[in-house]
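*Asks:* One structure, as structure tokens, below. Some questions next.
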There are 2 protein chains.
Amino acid sequence: MADRFNWADCNADAAIKKHRTTDATITVLREDHTPVAHQEVVVAQRNQKFLFGCTGFPIIPLANDELEGEAKAQAEQLDEKLRDLCNFVTLPFYWGRFEPERGQPDTERIIKTAQWFVDRGCLVKGHPLCWHTVTADWLLEMSNAEILETQVARIRREVADFAGLIDMWDVINEVVIMPIFDKYDNGITRIANDLGRIGIIRTMFEAARSTNPGATLLLNDFETSEAYEILIEGCLEAGIKIDTIGIQSHMHQGYWGVGRTRKILERYARFNLPIHFTEVSLVSGQLMPPEIVDLNDHQVDEWPSTPEGETRQAEEAVEFYKTLLAHPLVEGITWWGLPDGGWLKAPSGLVRSDYSNKPAYEALLDLVKGEWWLAPTKMMTDGEGKLCIDGFLGEYTLSWAGKTAAFQLDEKGTTIAEVVL
Amino acid sequence: MADRFNWADCNADAAIKKHRTTDATITVLREDHTPVAHQEVVVAQRNQKFLFGCTGFPIIPLANDELEGEAKAQAEQLDEKLRDLCNFVTLPFYWGRFEPERGQPDTERIIKTAQWFVDRGCLVKGHPLCWHTVTADWLLEMSNAEILETQVARIRREVADFAGLIDMWDVINEVVIMPIFDKYDNGITRIANDLGRIGIIRTMFEAARSTNPGATLLLNDFETSEAYEILIEGCLEAGIKIDTIGIQSHMHQGYWGVGRTRKILERYARFNLPIHFTEVSLVSGQLMPPEIVDLNDHQVDEWPSTPEGETRQAEEAVEFYKTLLAHPLVEGITWWGLPDGGWLKAPSGLVRSDYSNKPAYEALLDLVKGEWWLAPTKMMTDGEGKLCIDGFLGEYTLSWAGKTAAFQLDEKGTTIAEVVL
């Protein structure tokens, strides 16, 4: 197994600097390769390498031009806030909603939405291709062999239809409980019982992989215990290629804190695979009572956001993001629901129901586009056309004399590069 | 995965009859193969096919002739009670006690004890070959590579030394928590972290299997959750041959009841492998408080057996054994500690500290040597020398005219056999 990340004396800011930035020496050249010496240039970051994500569900009507007037203006406002903070979006593929009537999938609307985000520089992930919750009811009329065949065909269809727009997938969701899920009968639990957990993961990953070999395929679960760790080990021992480990973190019952978060990071870091925190929730109101086991059981009429809750949420969000970015294997974080009032009506958004910013939105934006970002900055090249940037990994532009060139800083540590204008 | 056992309308007694007995038609023949017609014969059971087990640790001094006087008489009494109830014994191979000083294993004493039980018709199992608890302290001075090599060599040594006497092993114990066990540093947790859970199971099973290919090898755990189920699935998917699934059931905090017991049976029955309940405890005194997580944390000066507790223990023991025997995959049950006052000083024995019988002992004996047993019974053969036995699977004798022959009833359902006298 991999060497452990050393948390002892880990100062999050120092670890973030170590793992997320590079000391770059850039030589600025003209097209004839002579150095642009002793000149003032402007360097600006235009994207992060790290994936700062959120769900893009509310943008679907906007991207499909289904809105007018105030509703459209509001959606545009939300879209802008989303893209200010995020370079990564999760779009919904819940089978029961994506294809409520068999043979009539919502492909076109989601393609338009994916295209909307891709055009605006966001990476898009599809979620999920196989899950026992919100799956298609019409599976219940089939034999298990037919369910399996239909599920595999569904994966092949979606992965093929979206290739090029969506090349990252939560292939299968919550497999730890999948075969024992007993709230209601559903087609996916039935076949999970036939195939076993590793068996169903293998089948669904193979369907996705063979359709889009270049795609990044995630296993995703809300389980953060040994059970999920052992399941991943079993998959890897069985030869299943998991590209990225997806970990949910719906903290409706309270923030995990640095200790528990680090413990979970250690548990999954042993596989030395990239990790995504795929579903982050922190509420800015009352916490859900601790005795609730399935969060879906907590049904309330309203769940208000409070000033004290918003202050707490902002502090927790900053600490959580810093703790995650301090670990070198974490490559993405997805906030689950930008506005309040989505899943469970929880005040777990970064903006309120009226789309005004909460402190957590401002605080994360201060990190992503502030502390961890290089705003347009004037710099002088030296006699050899060189300049130094101590910057976060990502995409940059360099402008001089009316020309602009883009370059990437991809590797932590030190970078030596040339930019030709 | 295997067809599920149907618990619906499961009457335990009816299921036990279905899965544990046979309708046998026996033809009694003389050596010249003429039928012993119209004769009175005596049929008697002499062993059960089902493994009714307990730990044999207190018999070690007796088997090694280390006792005298009252101590010897008491040990003989305990040995007799053990063998009245049990045909299966677990002997201890805790590394830290078996080989407290490196190179001086307690092989001879345990061989004598195993021989003692084999001579008296008991099957013997060794427990355990690899475990992070009570392991050898002297491993701590080694590199991880040396620990691994020494652990593998230890398995090869024991499995070879005891082959023929002990051909059944709890190869590795409590792997679910093995790499995260953090109460104290130990050599086995160190290598479990290097190898991963499936990795260490594979290595230890291969060491045992290659040394004694005919041995029955168990994985054993106190975990009864999804984590252990997923670990087993991972091992099987990785091609590791587990002969029997071992499930501990230390119920110091209260009897599981039929519902939980059946749920656990269902969880592990999906692999269609034999199941042993390897460590059964039910206390006849106060229950351990529910907030205790590691049972070892409950340290008391004394823990008395009470009359009410003994009545309850007997009822629970009978119901538990019946629930287990009703499931066709369960092949063995081992009561953990025949006399009171062993592990944790708990009143979890079937006999008291003074070796007098508790109601649970009497009740289980009434099943094993009563309701589920054929005492010597006179029967008449018909004109073709035939007689019918509706009996529990196991070994039998048939006596006539001063001669006795043994025969086995091995397959549930119906049996047709000949016995030659």
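Numbering starts fresh at 1 for the residues of each chain in the structure tokens, the chains themselves are lettered A, B, ... in the order given, and ligands are numbered from 1 as they appear.
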Considering only C-alpha atoms, return as a list of chain:residue names whatever protein or nucleic-acid residues lie within 6 Å of A:Pro347, sequence-local ones (same chain, fewer than 6 positions apart) excluded.

*Replies:* A:Val283, A:Ser284, A:Ser305, A:Asp340, A:Gly341

*Asks:* Suppose we keep N, CA and C atoms; can you now write the selection as a short mmCIF file (atom, residue, chain, number, x, y, z; two decimals), in the first residue's frame?

*Replies:*
data_model
loop_
_atom_site.label_atom_id
_atom_site.label_comp_id
_atom_site.auth_asym_id
_atom_site.auth_seq_id
_atom_site.Cartn_x
_atom_site.Cartn_y
_atom_site.Cartn_z
N VAL A 283 -24.99 22.62 6.89
CA VAL A 283 -26.19 23.45 7.00
C VAL A 283 -25.88 24.74 7.76
N SER A 284 -26.64 25.79 7.40
CA SER A 284 -26.51 27.08 8.09
C SER A 284 -27.73 27.31 8.97
N SER A 305 -32.47 29.08 7.42
CA SER A 305 -31.09 29.49 7.61
C SER A 305 -31.08 30.59 8.67
N ASP A 340 -30.13 27.29 -1.18
CA ASP A 340 -30.85 26.61 -0.10
C ASP A 340 -32.12 25.95 -0.62
N GLY A 341 -32.61 25.00 0.20
CA GLY A 341 -33.96 24.49 -0.04
C GLY A 341 -34.04 23.36 -1.05
#

*Asks:* For chain B, report every residue with an atom at most 6 Å from chain A (counting only C-alpha atoms), formatted as a PyMOL selection string.

*Replies:* chain B and resi 1+194+227+230-231+234+237-238

*Asks:* Within 12 Å of B:Glu319, counting only C-alpha atoms, which residues qualify if same-chain residues fewer than 2 places away don't, as a list in words?

*Replies:*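 Contacts, in chain order: Asn11, Ala12, Asp13, Tyr255, Trp256, Gly257, Val258, Gly259, Thr261, Arg262, Leu282, Arg312, Gln313, Ala314, Glu315, Glu316, Ala317, Tyr321, Lys322, Thr323, Leu324, Leu325, Ala326, Ala360, Ala363, Leu364 and Leu367 of chain B.
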
*Asks:* Would you please give, as an NGL selection string, all residues of stretch 189-275 of chain A that DSSP assigns to alpha helix (DSSP H) based on the backbone?

*Replies:* :A and (189-195 or 197-211 or 226-237 or 257-269)

*Asks:* Which neighbours of B:Glu108 fall inside 12 Å, counting only C-alpha atoms, when residues of the same chain fewer than 5 positions from it are skipped, and could you give them as a tab-separated table (two decimals) with N, CA and C atoms, in the first residue's frame?

*Replies:*
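Once everything was written out, this is out39.tsv:
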chain	number	residue	atom	x	y	z
B	60	ILE	N	-5.81	-29.01	29.08
B	60	ILE	CA	-4.38	-29.15	28.74
B	60	ILE	C	-3.57	-29.73	29.89
B	61	PRO	N	-3.71	-29.23	31.14
B	61	PRO	CA	-2.91	-29.82	32.24
B	61	PRO	C	-3.27	-31.28	32.49
B	63	ALA	N	-4.44	-33.50	30.26
B	63	ALA	CA	-3.92	-34.33	29.17
B	63	ALA	C	-2.41	-34.49	29.27
B	64	ASN	N	-1.76	-33.55	29.97
B	64	ASN	CA	-0.30	-33.62	30.12
B	64	ASN	C	0.12	-34.17	31.48
B	98	PHE	N	1.62	-19.34	23.11
B	98	PHE	CA	2.13	-20.59	22.56
B	98	PHE	C	3.65	-20.56	22.42
B	99	GLU	N	4.17	-19.38	22.16
B	99	GLU	CA	5.63	-19.24	21.96
B	99	GLU	C	6.09	-17.93	22.59
B	113	THR	N	-2.58	-32.79	24.15
B	113	THR	CA	-3.99	-32.47	24.39
B	113	THR	C	-4.84	-32.79	23.17
B	114	ALA	N	-4.31	-32.49	22.00
B	114	ALA	CA	-5.06	-32.82	20.77
B	114	ALA	C	-5.24	-34.34	20.68
B	115	GLN	N	-4.17	-35.05	21.00
B	115	GLN	CA	-4.23	-36.52	20.95
B	115	GLN	C	-5.28	-37.05	21.93
B	158	GLU	N	3.16	-24.93	12.62
B	158	GLU	CA	2.04	-25.48	13.39
B	158	GLU	C	1.19	-26.42	12.54
B	161	ASP	N	3.16	-29.60	12.10
B	161	ASP	CA	3.36	-30.36	13.35
B	161	ASP	C	2.08	-31.07	13.79
B	162	PHE	N	0.93	-30.46	13.51
B	162	PHE	CA	-0.33	-31.00	14.03
B	162	PHE	C	-1.13	-31.76	12.97
